[in-house]
>>> print(open('coords-v2.csv').read())   # CSV, C-alpha atoms
chain,number,residue,atom,x,y,z
A,1,LEU,CA,-40.6,-137.9,-27.2
A,2,ASN,CA,-39.7,-134.4,-26.2
A,3,ARG,CA,-36.4,-134.7,-28.0
A,4,LEU,CA,-38.3,-135.9,-31.1
A,5,ILE,CA,-40.6,-132.9,-30.9
A,6,LYS,CA,-37.7,-130.5,-30.4
A,7,ALA,CA,-35.8,-132.0,-33.4
A,8,LEU,CA,-38.9,-131.7,-35.6
A,9,GLY,CA,-39.3,-128.1,-34.6
A,10,ILE,CA,-35.7,-127.3,-35.5
A,11,PHE,CA,-36.1,-129.1,-38.8
A,12,CYS,CA,-39.2,-127.2,-39.7
A,13,THR,CA,-37.6,-123.9,-38.7
A,14,VAL,CA,-34.5,-124.5,-40.9
A,15,THR,CA,-36.7,-125.6,-43.8
A,16,ILE,CA,-38.9,-122.5,-43.6
A,17,ALA,CA,-35.8,-120.4,-43.4
A,18,LEU,CA,-34.2,-122.0,-46.5
A,19,LEU,CA,-37.5,-121.7,-48.4
A,20,TRP,CA,-37.8,-118.1,-47.5
A,21,SER,CA,-34.2,-117.3,-48.4
A,22,GLY,CA,-34.7,-119.1,-51.7
A,23,TYR,CA,-37.8,-117.2,-52.4
A,24,GLY,CA,-35.9,-114.0,-51.8
A,25,LEU,CA,-33.2,-115.0,-54.2
A,26,TRP,CA,-35.8,-116.0,-56.8
A,27,GLN,CA,-37.5,-112.6,-56.3
A,28,SER,CA,-34.2,-110.8,-56.8
A,29,GLY,CA,-33.6,-112.7,-60.0
A,30,ILE,CA,-30.3,-114.3,-58.8
A,31,ILE,CA,-31.6,-117.9,-59.1
A,32,LEU,CA,-33.4,-117.1,-62.4
A,33,ASP,CA,-30.2,-115.7,-63.9
A,34,ALA,CA,-28.2,-118.6,-62.7
A,35,LYS,CA,-30.7,-121.0,-64.2
A,36,HIS,CA,-30.6,-119.3,-67.6
A,37,ALA,CA,-26.8,-119.3,-67.5
A,38,ALA,CA,-26.7,-123.0,-66.7
A,39,ILE,CA,-29.1,-123.7,-69.6
A,40,ARG,CA,-26.9,-121.7,-72.0
A,41,LYS,CA,-23.8,-123.5,-70.8
A,42,TYR,CA,-25.6,-126.9,-71.2
A,43,TYR,CA,-26.6,-126.1,-74.8
A,44,GLN,CA,-23.1,-124.7,-75.7
A,45,THR,CA,-21.5,-127.9,-74.3
A,46,SER,CA,-23.9,-130.1,-76.2
A,47,THR,CA,-23.1,-128.2,-79.4
A,48,ASP,CA,-19.4,-128.6,-78.9
A,49,MET,CA,-20.0,-132.3,-78.6
A,50,GLY,CA,-21.7,-132.4,-82.0
A,51,PHE,CA,-25.4,-132.1,-80.9
A,52,GLU,CA,-26.1,-129.2,-83.4
A,53,VAL,CA,-28.5,-128.8,-86.3
A,54,ARG,CA,-26.9,-129.8,-89.5
A,55,THR,CA,-29.7,-131.2,-91.6
A,56,VAL,CA,-33.4,-130.6,-91.9
A,57,LYS,CA,-35.2,-133.3,-93.9
A,58,LEU,CA,-38.7,-132.3,-95.3
A,59,GLU,CA,-41.1,-134.8,-96.8
A,60,GLY,CA,-44.5,-134.5,-98.2
A,61,ARG,CA,-44.4,-130.8,-99.2
A,62,VAL,CA,-46.2,-129.9,-102.5
A,63,TYR,CA,-48.1,-126.7,-101.9
A,64,THR,CA,-46.8,-125.3,-98.6
A,65,ASP,CA,-44.7,-122.2,-99.1
A,66,PRO,CA,-41.1,-123.1,-98.0
A,67,ASP,CA,-40.4,-119.6,-96.9
A,68,VAL,CA,-43.4,-119.7,-94.6
A,69,LEU,CA,-42.3,-123.1,-93.3
A,70,ARG,CA,-38.7,-121.9,-92.6
A,71,ALA,CA,-40.0,-118.8,-90.8
A,72,VAL,CA,-42.3,-120.9,-88.6
A,73,LEU,CA,-39.6,-123.5,-87.9
A,74,ASN,CA,-37.2,-120.8,-86.9
A,75,VAL,CA,-34.1,-123.0,-86.8
A,76,GLU,CA,-30.7,-122.4,-88.3
A,77,ARG,CA,-27.7,-124.7,-89.1
A,78,GLY,CA,-25.5,-124.8,-86.0
A,79,ASP,CA,-28.3,-124.2,-83.5
A,80,PRO,CA,-28.2,-126.6,-80.5
A,81,ILE,CA,-30.4,-129.5,-81.5
A,82,LEU,CA,-31.3,-130.2,-77.8
A,83,ALA,CA,-32.9,-126.8,-77.7
A,84,PHE,CA,-35.2,-127.7,-80.6
A,85,ASN,CA,-38.7,-128.6,-79.3
A,86,PRO,CA,-40.5,-131.0,-81.8
A,87,LYS,CA,-43.9,-130.6,-80.2
A,88,SER,CA,-43.8,-126.8,-80.4
A,89,ALA,CA,-42.6,-127.0,-84.0
A,90,LYS,CA,-45.4,-129.4,-84.8
A,91,ASP,CA,-48.0,-127.1,-83.3
A,92,MET,CA,-46.7,-124.1,-85.2
A,93,ILE,CA,-46.4,-125.9,-88.6
A,94,GLU,CA,-50.0,-127.2,-88.3
A,95,ARG,CA,-51.2,-123.6,-88.2
A,96,ILE,CA,-50.1,-123.1,-91.8
A,97,ALA,CA,-53.1,-123.1,-94.1
A,98,TRP,CA,-51.9,-126.0,-96.4
A,99,VAL,CA,-50.9,-128.3,-93.6
A,100,GLU,CA,-53.4,-130.9,-92.3
A,101,GLU,CA,-51.0,-132.8,-90.1
A,102,ALA,CA,-47.2,-132.6,-89.3
A,103,HIS,CA,-44.8,-135.1,-87.8
A,104,VAL,CA,-41.7,-133.6,-86.4
A,105,GLU,CA,-38.8,-135.4,-84.8
A,106,ARG,CA,-35.2,-134.9,-83.7
A,107,GLN,CA,-32.7,-137.4,-85.2
A,108,LEU,CA,-29.7,-137.2,-82.9
A,109,PRO,CA,-27.1,-136.1,-83.0
A,110,ASP,CA,-27.7,-133.5,-85.7
A,111,GLY,CA,-30.9,-134.0,-87.8
A,112,ILE,CA,-34.5,-132.8,-87.8
A,113,ARG,CA,-37.1,-134.6,-89.9
A,114,ILE,CA,-40.4,-133.1,-90.8
A,115,THR,CA,-43.2,-135.1,-92.6
A,116,LEU,CA,-46.2,-133.1,-93.9
A,117,LYS,CA,-49.6,-134.3,-94.7
A,118,GLU,CA,-51.1,-131.5,-96.8
A,119,LYS,CA,-54.7,-130.7,-97.5
A,120,GLN,CA,-55.8,-131.9,-100.9
A,121,PRO,CA,-57.4,-129.2,-103.2
A,122,LEU,CA,-60.9,-130.3,-104.3
A,123,ALA,CA,-62.5,-127.3,-106.0
A,124,LEU,CA,-62.7,-123.5,-106.1
A,125,TRP,CA,-65.4,-121.8,-104.0
A,126,GLN,CA,-66.9,-118.5,-105.0
A,127,ASP,CA,-68.7,-116.5,-102.3
A,128,ASP,CA,-70.0,-113.3,-103.8
A,129,LYS,CA,-67.0,-112.2,-105.9
A,130,VAL,CA,-64.4,-113.8,-103.7
A,131,ILE,CA,-62.8,-117.1,-104.9
A,132,ARG,CA,-61.0,-119.4,-102.6
A,133,LEU,CA,-59.7,-123.0,-102.6
A,134,ILE,CA,-61.5,-125.7,-100.6
A,135,ASP,CA,-60.3,-129.2,-99.6
A,136,HIS,CA,-62.0,-132.6,-99.5
A,137,ARG,CA,-63.9,-131.7,-96.4
A,138,GLY,CA,-65.3,-128.5,-97.9
A,139,GLU,CA,-63.0,-126.4,-95.7
A,140,LEU,CA,-61.2,-123.3,-96.9
A,141,ILE,CA,-57.5,-123.6,-97.7
A,142,THR,CA,-56.4,-120.3,-99.3
A,143,GLY,CA,-57.3,-117.5,-101.6
A,144,ASP,CA,-53.8,-116.9,-102.8
A,145,ASN,CA,-52.0,-118.1,-105.9
A,146,LEU,CA,-55.1,-119.8,-107.4
A,147,ALA,CA,-53.9,-119.7,-111.1
A,148,ARG,CA,-52.5,-123.2,-110.9
A,149,PHE,CA,-56.0,-124.5,-109.8
A,150,LYS,CA,-57.9,-122.8,-112.6
A,151,ASP,CA,-59.0,-126.2,-114.0
A,152,LEU,CA,-60.8,-127.2,-110.9
A,153,VAL,CA,-64.6,-127.0,-110.7
A,154,LEU,CA,-65.9,-123.6,-109.5
A,155,ILE,CA,-68.6,-124.1,-106.8
A,156,SER,CA,-71.1,-121.5,-105.9
A,157,GLY,CA,-74.6,-121.1,-104.3
A,158,ASN,CA,-75.6,-120.7,-100.7
A,159,GLY,CA,-74.7,-123.9,-98.9
A,160,GLY,CA,-72.7,-125.3,-101.9
A,161,LYS,CA,-69.3,-125.3,-100.1
A,162,GLU,CA,-70.4,-127.9,-97.5
A,163,ARG,CA,-72.0,-130.1,-100.2
A,164,ALA,CA,-69.2,-129.8,-102.7
A,165,PRO,CA,-67.3,-132.9,-101.4
A,166,ALA,CA,-70.3,-135.2,-102.0
A,167,LEU,CA,-70.9,-133.8,-105.5
A,168,MET,CA,-67.2,-134.1,-106.5
A,169,THR,CA,-67.2,-137.7,-105.3
A,170,LEU,CA,-70.1,-138.5,-107.6
A,171,LEU,CA,-68.5,-136.6,-110.5
A,172,GLN,CA,-65.2,-138.4,-110.1
A,173,ALA,CA,-67.1,-141.7,-110.6
A,174,GLU,CA,-68.1,-140.4,-114.0
A,175,PRO,CA,-64.8,-139.0,-115.5
A,176,ASP,CA,-66.4,-138.5,-119.0
A,177,ILE,CA,-68.6,-135.9,-117.4
A,178,LEU,CA,-66.2,-134.5,-114.8
A,179,HIS,CA,-63.6,-133.4,-117.4
A,180,MET,CA,-66.2,-131.2,-119.1
A,181,VAL,CA,-67.7,-129.6,-116.0
A,182,ASP,CA,-66.6,-126.0,-115.5
A,183,ALA,CA,-68.8,-124.9,-112.6
A,184,ALA,CA,-71.5,-126.3,-110.2
A,185,ILE,CA,-74.2,-124.1,-108.7
A,186,TRP,CA,-76.2,-125.2,-105.6
A,187,GLN,CA,-79.7,-124.1,-106.5
A,188,GLY,CA,-82.4,-123.1,-103.9
A,189,GLN,CA,-80.9,-125.3,-101.1
A,190,ARG,CA,-82.1,-128.3,-103.1
A,191,ARG,CA,-80.1,-129.4,-106.1
A,192,TRP,CA,-77.2,-128.8,-108.4
A,193,ASP,CA,-76.9,-127.2,-111.9
A,194,LEU,CA,-73.7,-128.0,-113.8
A,195,GLU,CA,-72.2,-125.6,-116.3
A,196,LEU,CA,-70.0,-127.3,-118.9
A,197,GLU,CA,-67.0,-125.8,-120.5
A,198,ASN,CA,-68.9,-125.4,-123.8
A,199,GLY,CA,-71.6,-123.3,-122.1
A,200,MET,CA,-74.1,-126.1,-121.8
A,201,LYS,CA,-76.1,-126.3,-118.6
A,202,VAL,CA,-77.1,-129.6,-116.9
A,203,LYS,CA,-79.9,-129.6,-114.4
A,204,LEU,CA,-79.5,-132.4,-111.8
A,205,PRO,CA,-82.4,-133.8,-109.7
A,206,GLU,CA,-82.8,-133.4,-106.0
A,207,ASP,CA,-82.5,-137.1,-105.5
A,208,SER,CA,-80.9,-140.0,-107.3
A,209,VAL,CA,-78.0,-137.9,-108.5
A,210,PRO,CA,-75.7,-140.9,-109.1
A,211,LEU,CA,-78.3,-142.5,-111.4
A,212,ALA,CA,-78.8,-139.3,-113.3
A,213,LEU,CA,-75.1,-138.8,-113.8
A,214,SER,CA,-74.7,-142.5,-114.9
A,215,ARG,CA,-77.4,-142.1,-117.5
A,216,LEU,CA,-75.9,-138.9,-118.7
A,217,ALA,CA,-72.5,-140.5,-119.1
A,218,LYS,CA,-74.1,-143.4,-121.0
A,219,ALA,CA,-75.9,-141.0,-123.3
A,220,GLN,CA,-72.6,-139.2,-123.9
A,221,ARG,CA,-70.8,-142.4,-124.8
A,222,GLU,CA,-73.5,-143.6,-127.1
A,223,MET,CA,-74.7,-140.3,-128.6
A,224,ASP,CA,-71.9,-137.8,-127.9
A,225,LEU,CA,-74.7,-135.8,-126.4
A,226,LEU,CA,-72.6,-133.2,-124.6
A,227,LYS,CA,-71.0,-132.1,-127.9
A,228,LYS,CA,-74.3,-131.4,-129.7
A,229,ASP,CA,-75.8,-128.0,-130.2
A,230,ILE,CA,-77.7,-128.1,-126.9
A,231,GLU,CA,-78.2,-125.3,-124.4
A,232,VAL,CA,-79.8,-127.1,-121.5
A,233,ILE,CA,-80.1,-130.8,-120.4
A,234,ASP,CA,-82.7,-131.4,-117.8
A,235,LEU,CA,-82.2,-134.7,-115.8
A,236,ARG,CA,-84.9,-134.0,-113.2
A,237,SER,CA,-87.4,-136.5,-114.8
A,238,PRO,CA,-86.9,-140.1,-113.5
A,239,ASP,CA,-87.3,-141.8,-116.9
A,240,ARG,CA,-86.2,-139.3,-119.5
A,241,LEU,CA,-84.0,-136.3,-120.1
A,242,ILE,CA,-85.2,-133.1,-121.7
A,243,VAL,CA,-82.9,-131.1,-123.9
A,244,LYS,CA,-83.3,-127.6,-125.1
A,245,THR,CA,-81.4,-126.7,-128.3
A,246,ARG,CA,-79.8,-123.3,-128.8
A,247,GLN,CA,-82.5,-122.6,-131.3
A,248,GLY,CA,-85.0,-122.9,-128.5
A,249,ALA,CA,-86.5,-126.2,-129.4
A,250,SER,CA,-87.2,-128.7,-126.6
A,251,ARG,CA,-87.0,-132.5,-127.1
A,252,GLN,CA,-87.1,-135.6,-124.9
A,253,ILE,CA,-84.7,-138.5,-124.8
A,254,ASP,CA,-86.1,-141.8,-123.3
A,255,PHE,CA,-83.5,-143.4,-121.0
A,256,VAL,CA,-84.3,-146.9,-122.4
A,257,SER,CA,-84.4,-146.2,-126.2
A,258,HIS,CA,-82.3,-143.1,-126.3
A,259,LYS,CA,-84.6,-141.9,-129.1
A,260,ILE,CA,-85.4,-138.2,-129.5
>>> encode(input="coords-v2.csv", output="structure tokens")
Amino acid sequence: LNRLIKALGIFCTVTIALLWSGYGLWQSGIILDAKHAAIRKYYQTSTDMGFEVRTVKLEGRVYTDPDVLRAVLNVERGDPILAFNPKSAKDMIERIAWVEEAHVERQLPDGIRITLKEKQPLALWQDDKVIRLIDHRGELITGDNLARFKDLVLISGNGGKERAPALMTLLQAEPDILHMVDAAIWQGQRRWDLELENGMKVKLPEDSVPLALSRLAKAQREMDLLKKDIEVIDLRSPDRLIVKTRQGASRQIDFVSHKI
């Protein structure tokens, strides 16, 4: 038993000495420098064996700026592919405004594959005088290079950005109406006004918006209503719509008979 205790004592003493000397070497930087040198040698050897970046395949890119993507990826042809970290690259790429999700993988021995799922532009959002692009969740994408999205509906009004996805879903169900809508204004935290490309205004109700749009689409198909000399169409009544002509006259159209 005494011999065992003595042996354990010697073992612990040697272990502590080794740990202490290792700590001293670490503090002096010798071990750290050796580690970095070994890593560099490892990557150089792997590159000599053909494990180097030769191709980068990119899928799913439509709107993301390729220059921004290259800068974020920070990889060049000939770099050691084993030094490339797919998870870090994924995290960096998903910080780009247009990217909703990214899948990044190494394809040994020499390839990198990146698949993007981009945010889908839904509408333009005007806050005061600043216009930005929003996605299908009502979240901001970008305020740059908006000229190519000029045909999207312009949303405004306090609280309108968050409600825009629901409105656009309803409008997409009525394409005869949607293609004529230029802007939508969220009014008084209660309801929407639509502004058409011909200057006509359509007042939607607080409730039963799908039914109101369906009735408006039917009136358009049967009467070509949205191309008449009308300034305002009021859909807030449950059984009729009220039109105000540009001459100031007001008339009613019954939803059943479509008679003025």
>>> atom_distance(input="coords-v2.csv", atom1="atom CA of A:Arg54", atom2="atom CA of A:Pro80")
9.6 Å
>>> residues_around(input="coords-v2.csv", residues="A:Ala97", least_positions_apart="4", cutoff="10 Å", atoms="only C-alpha atoms", output="compact mmCIF listing (two decimals) with C-alpha atoms, in the coordinates of the input")
# COMPACT_ATOMS: atom_id res chain seq x y z
CA TYR A 63 -48.10 -126.70 -101.90
CA THR A 64 -46.80 -125.30 -98.60
CA ASP A 65 -44.70 -122.20 -99.10
CA ILE A 93 -46.40 -125.90 -88.60
CA GLU A 118 -51.10 -131.50 -96.80
CA LYS A 119 -54.70 -130.70 -97.50
CA LEU A 140 -61.20 -123.30 -96.90
CA ILE A 141 -57.50 -123.60 -97.70
CA THR A 142 -56.40 -120.30 -99.30
>>> residues_around(input="coords-v2.csv", residues="stretch 69-79 of chain A", least_positions_apart="6", cutoff="8 Å", atoms="all atoms listed in the file", output="list in words")
Thr47, Glu52, Val53, Arg54, Thr55, Ala89, Met92, Ile93 and Ile96 of chain A
>>> atom_distance(input="coords-v2.csv", atom1="atom CA of A:Glu100", atom2="atom CA of A:Gln120")
9.0 Å
>>> residues_around(input="coords-v2.csv", residues="A:Ser208", least_positions_apart="2", cutoff="12 Å", atoms="all atoms listed in the file", output="PyMOL selection string")
chain A and resi 167+170+191-192+204-206+210-215+235-239
>>> decode(input="coords-v2.csv", residues="stretch 39-134 of chain A", atoms="C-alpha atoms", output="JSON list (two decimals), in the first residue's frame")
[["chain", "number", "residue", "atom", "x", "y", "z"],
["A", 39, "ILE", "CA", -1.73, 23.70, -39.65],
["A", 40, "ARG", "CA", -0.07, 25.57, -42.51],
["A", 41, "LYS", "CA", 1.96, 22.46, -43.39],
["A", 42, "TYR", "CA", -1.21, 20.34, -43.27],
["A", 43, "TYR", "CA", -3.09, 22.63, -45.65],
["A", 44, "GLN", "CA", -0.10, 22.92, -48.00],
["A", 45, "THR", "CA", 0.23, 19.14, -48.14],
["A", 46, "SER", "CA", -3.50, 18.71, -48.79],
["A", 47, "THR", "CA", -3.30, 21.30, -51.58],
["A", 48, "ASP", "CA", -0.36, 19.47, -53.17],
["A", 49, "MET", "CA", -2.53, 16.33, -53.13],
["A", 50, "GLY", "CA", -5.29, 18.11, -55.09],
["A", 51, "PHE", "CA", -7.52, 19.25, -52.23],
["A", 52, "GLU", "CA", -7.77, 22.84, -53.44],
["A", 53, "VAL", "CA", -10.63, 25.07, -54.56],
["A", 54, "ARG", "CA", -11.14, 24.82, -58.30],
["A", 55, "THR", "CA", -14.88, 25.32, -58.77],
["A", 56, "VAL", "CA", -17.59, 27.21, -56.90],
["A", 57, "LYS", "CA", -21.12, 26.30, -58.01],
["A", 58, "LEU", "CA", -23.85, 28.80, -57.19],
["A", 59, "GLU", "CA", -27.54, 27.97, -57.53],
["A", 60, "GLY", "CA", -30.68, 29.99, -56.83],
["A", 61, "ARG", "CA", -29.22, 33.47, -57.25],
["A", 62, "VAL", "CA", -31.50, 36.01, -58.91],
["A", 63, "TYR", "CA", -31.25, 39.25, -56.94],
["A", 64, "THR", "CA", -28.21, 38.82, -54.69],
["A", 65, "ASP", "CA", -25.27, 41.00, -55.78],
["A", 66, "PRO", "CA", -22.52, 38.58, -56.94],
["A", 67, "ASP", "CA", -19.78, 41.00, -55.89],
["A", 68, "VAL", "CA", -21.16, 41.10, -52.34],
["A", 69, "LEU", "CA", -21.43, 37.31, -52.34],
["A", 70, "ARG", "CA", -17.81, 36.90, -53.48],
["A", 71, "ALA", "CA", -16.60, 39.32, -50.81],
["A", 72, "VAL", "CA", -18.51, 37.47, -48.08],
["A", 73, "LEU", "CA", -17.38, 34.06, -49.30],
["A", 74, "ASN", "CA", -13.73, 35.20, -49.38],
["A", 75, "VAL", "CA", -12.35, 32.20, -51.21],
["A", 76, "GLU", "CA", -10.08, 32.09, -54.25],
["A", 77, "ARG", "CA", -9.19, 29.43, -56.78],
["A", 78, "GLY", "CA", -6.24, 27.45, -55.41],
["A", 79, "ASP", "CA", -7.10, 27.95, -51.73],
["A", 80, "PRO", "CA", -6.91, 24.78, -49.61],
["A", 81, "ILE", "CA", -10.44, 23.41, -49.63],
["A", 82, "LEU", "CA", -9.98, 21.77, -46.23],
["A", 83, "ALA", "CA", -9.51, 25.25, -44.75],
["A", 84, "PHE", "CA", -12.91, 26.32, -46.05],
["A", 85, "ASN", "CA", -15.58, 26.25, -43.32],
["A", 86, "PRO", "CA", -19.07, 25.67, -44.78],
["A", 87, "LYS", "CA", -20.88, 26.63, -41.57],
["A", 88, "SER", "CA", -19.06, 29.96, -41.24],
["A", 89, "ALA", "CA", -19.72, 30.67, -44.92],
["A", 90, "LYS", "CA", -23.41, 29.86, -44.48],
["A", 91, "ASP", "CA", -23.68, 32.20, -41.49],
["A", 92, "MET", "CA", -22.01, 35.05, -43.39],
["A", 93, "ILE", "CA", -24.06, 34.54, -46.57],
["A", 94, "GLU", "CA", -27.33, 34.56, -44.63],
["A", 95, "ARG", "CA", -26.49, 38.06, -43.41],
["A", 96, "ILE", "CA", -26.87, 39.38, -46.97],
["A", 97, "ALA", "CA", -30.15, 41.29, -47.30],
["A", 98, "TRP", "CA", -31.56, 39.22, -50.18],
["A", 99, "VAL", "CA", -30.74, 35.80, -48.71],
["A", 100, "GLU", "CA", -33.40, 34.00, -46.72],
["A", 101, "GLU", "CA", -31.49, 30.74, -46.42],
["A", 102, "ALA", "CA", -28.22, 29.29, -47.72],
["A", 103, "HIS", "CA", -26.91, 25.75, -48.04],
["A", 104, "VAL", "CA", -23.12, 25.48, -48.33],
["A", 105, "GLU", "CA", -21.10, 22.30, -48.78],
["A", 106, "ARG", "CA", -17.63, 21.16, -49.76],
["A", 107, "GLN", "CA", -17.56, 18.71, -52.64],
["A", 108, "LEU", "CA", -14.18, 17.05, -52.28],
["A", 109, "PRO", "CA", -11.65, 17.09, -53.64],
["A", 110, "ASP", "CA", -11.96, 20.56, -55.22],
["A", 111, "GLY", "CA", -15.53, 21.95, -55.28],
["A", 112, "ILE", "CA", -17.78, 24.23, -53.25],
["A", 113, "ARG", "CA", -21.52, 24.26, -53.82],
["A", 114, "ILE", "CA", -23.78, 27.08, -52.63],
["A", 115, "THR", "CA", -27.57, 26.98, -52.94],
["A", 116, "LEU", "CA", -29.51, 30.13, -52.13],
["A", 117, "LYS", "CA", -33.12, 30.61, -51.20],
["A", 118, "GLU", "CA", -33.75, 34.28, -51.78],
["A", 119, "LYS", "CA", -36.45, 36.49, -50.33],
["A", 120, "GLN", "CA", -39.31, 37.09, -52.75],
["A", 121, "PRO", "CA", -40.17, 40.75, -53.45],
["A", 122, "LEU", "CA", -43.81, 41.44, -52.64],
["A", 123, "ALA", "CA", -44.38, 45.18, -52.75],
["A", 124, "LEU", "CA", -42.79, 48.56, -52.26],
["A", 125, "TRP", "CA", -43.18, 50.19, -48.85],
["A", 126, "GLN", "CA", -43.22, 53.95, -48.43],
["A", 127, "ASP", "CA", -42.47, 55.29, -44.95],
["A", 128, "ASP", "CA", -42.61, 59.08, -45.05],
["A", 129, "LYS", "CA", -40.63, 59.76, -48.24],
["A", 130, "VAL", "CA", -38.40, 56.70, -48.05],
["A", 131, "ILE", "CA", -39.27, 53.74, -50.29],
["A", 132, "ARG", "CA", -38.00, 50.22, -49.66],
["A", 133, "LEU", "CA", -38.76, 46.73, -50.90],
["A", 134, "ILE", "CA", -40.58, 44.25, -48.65]]
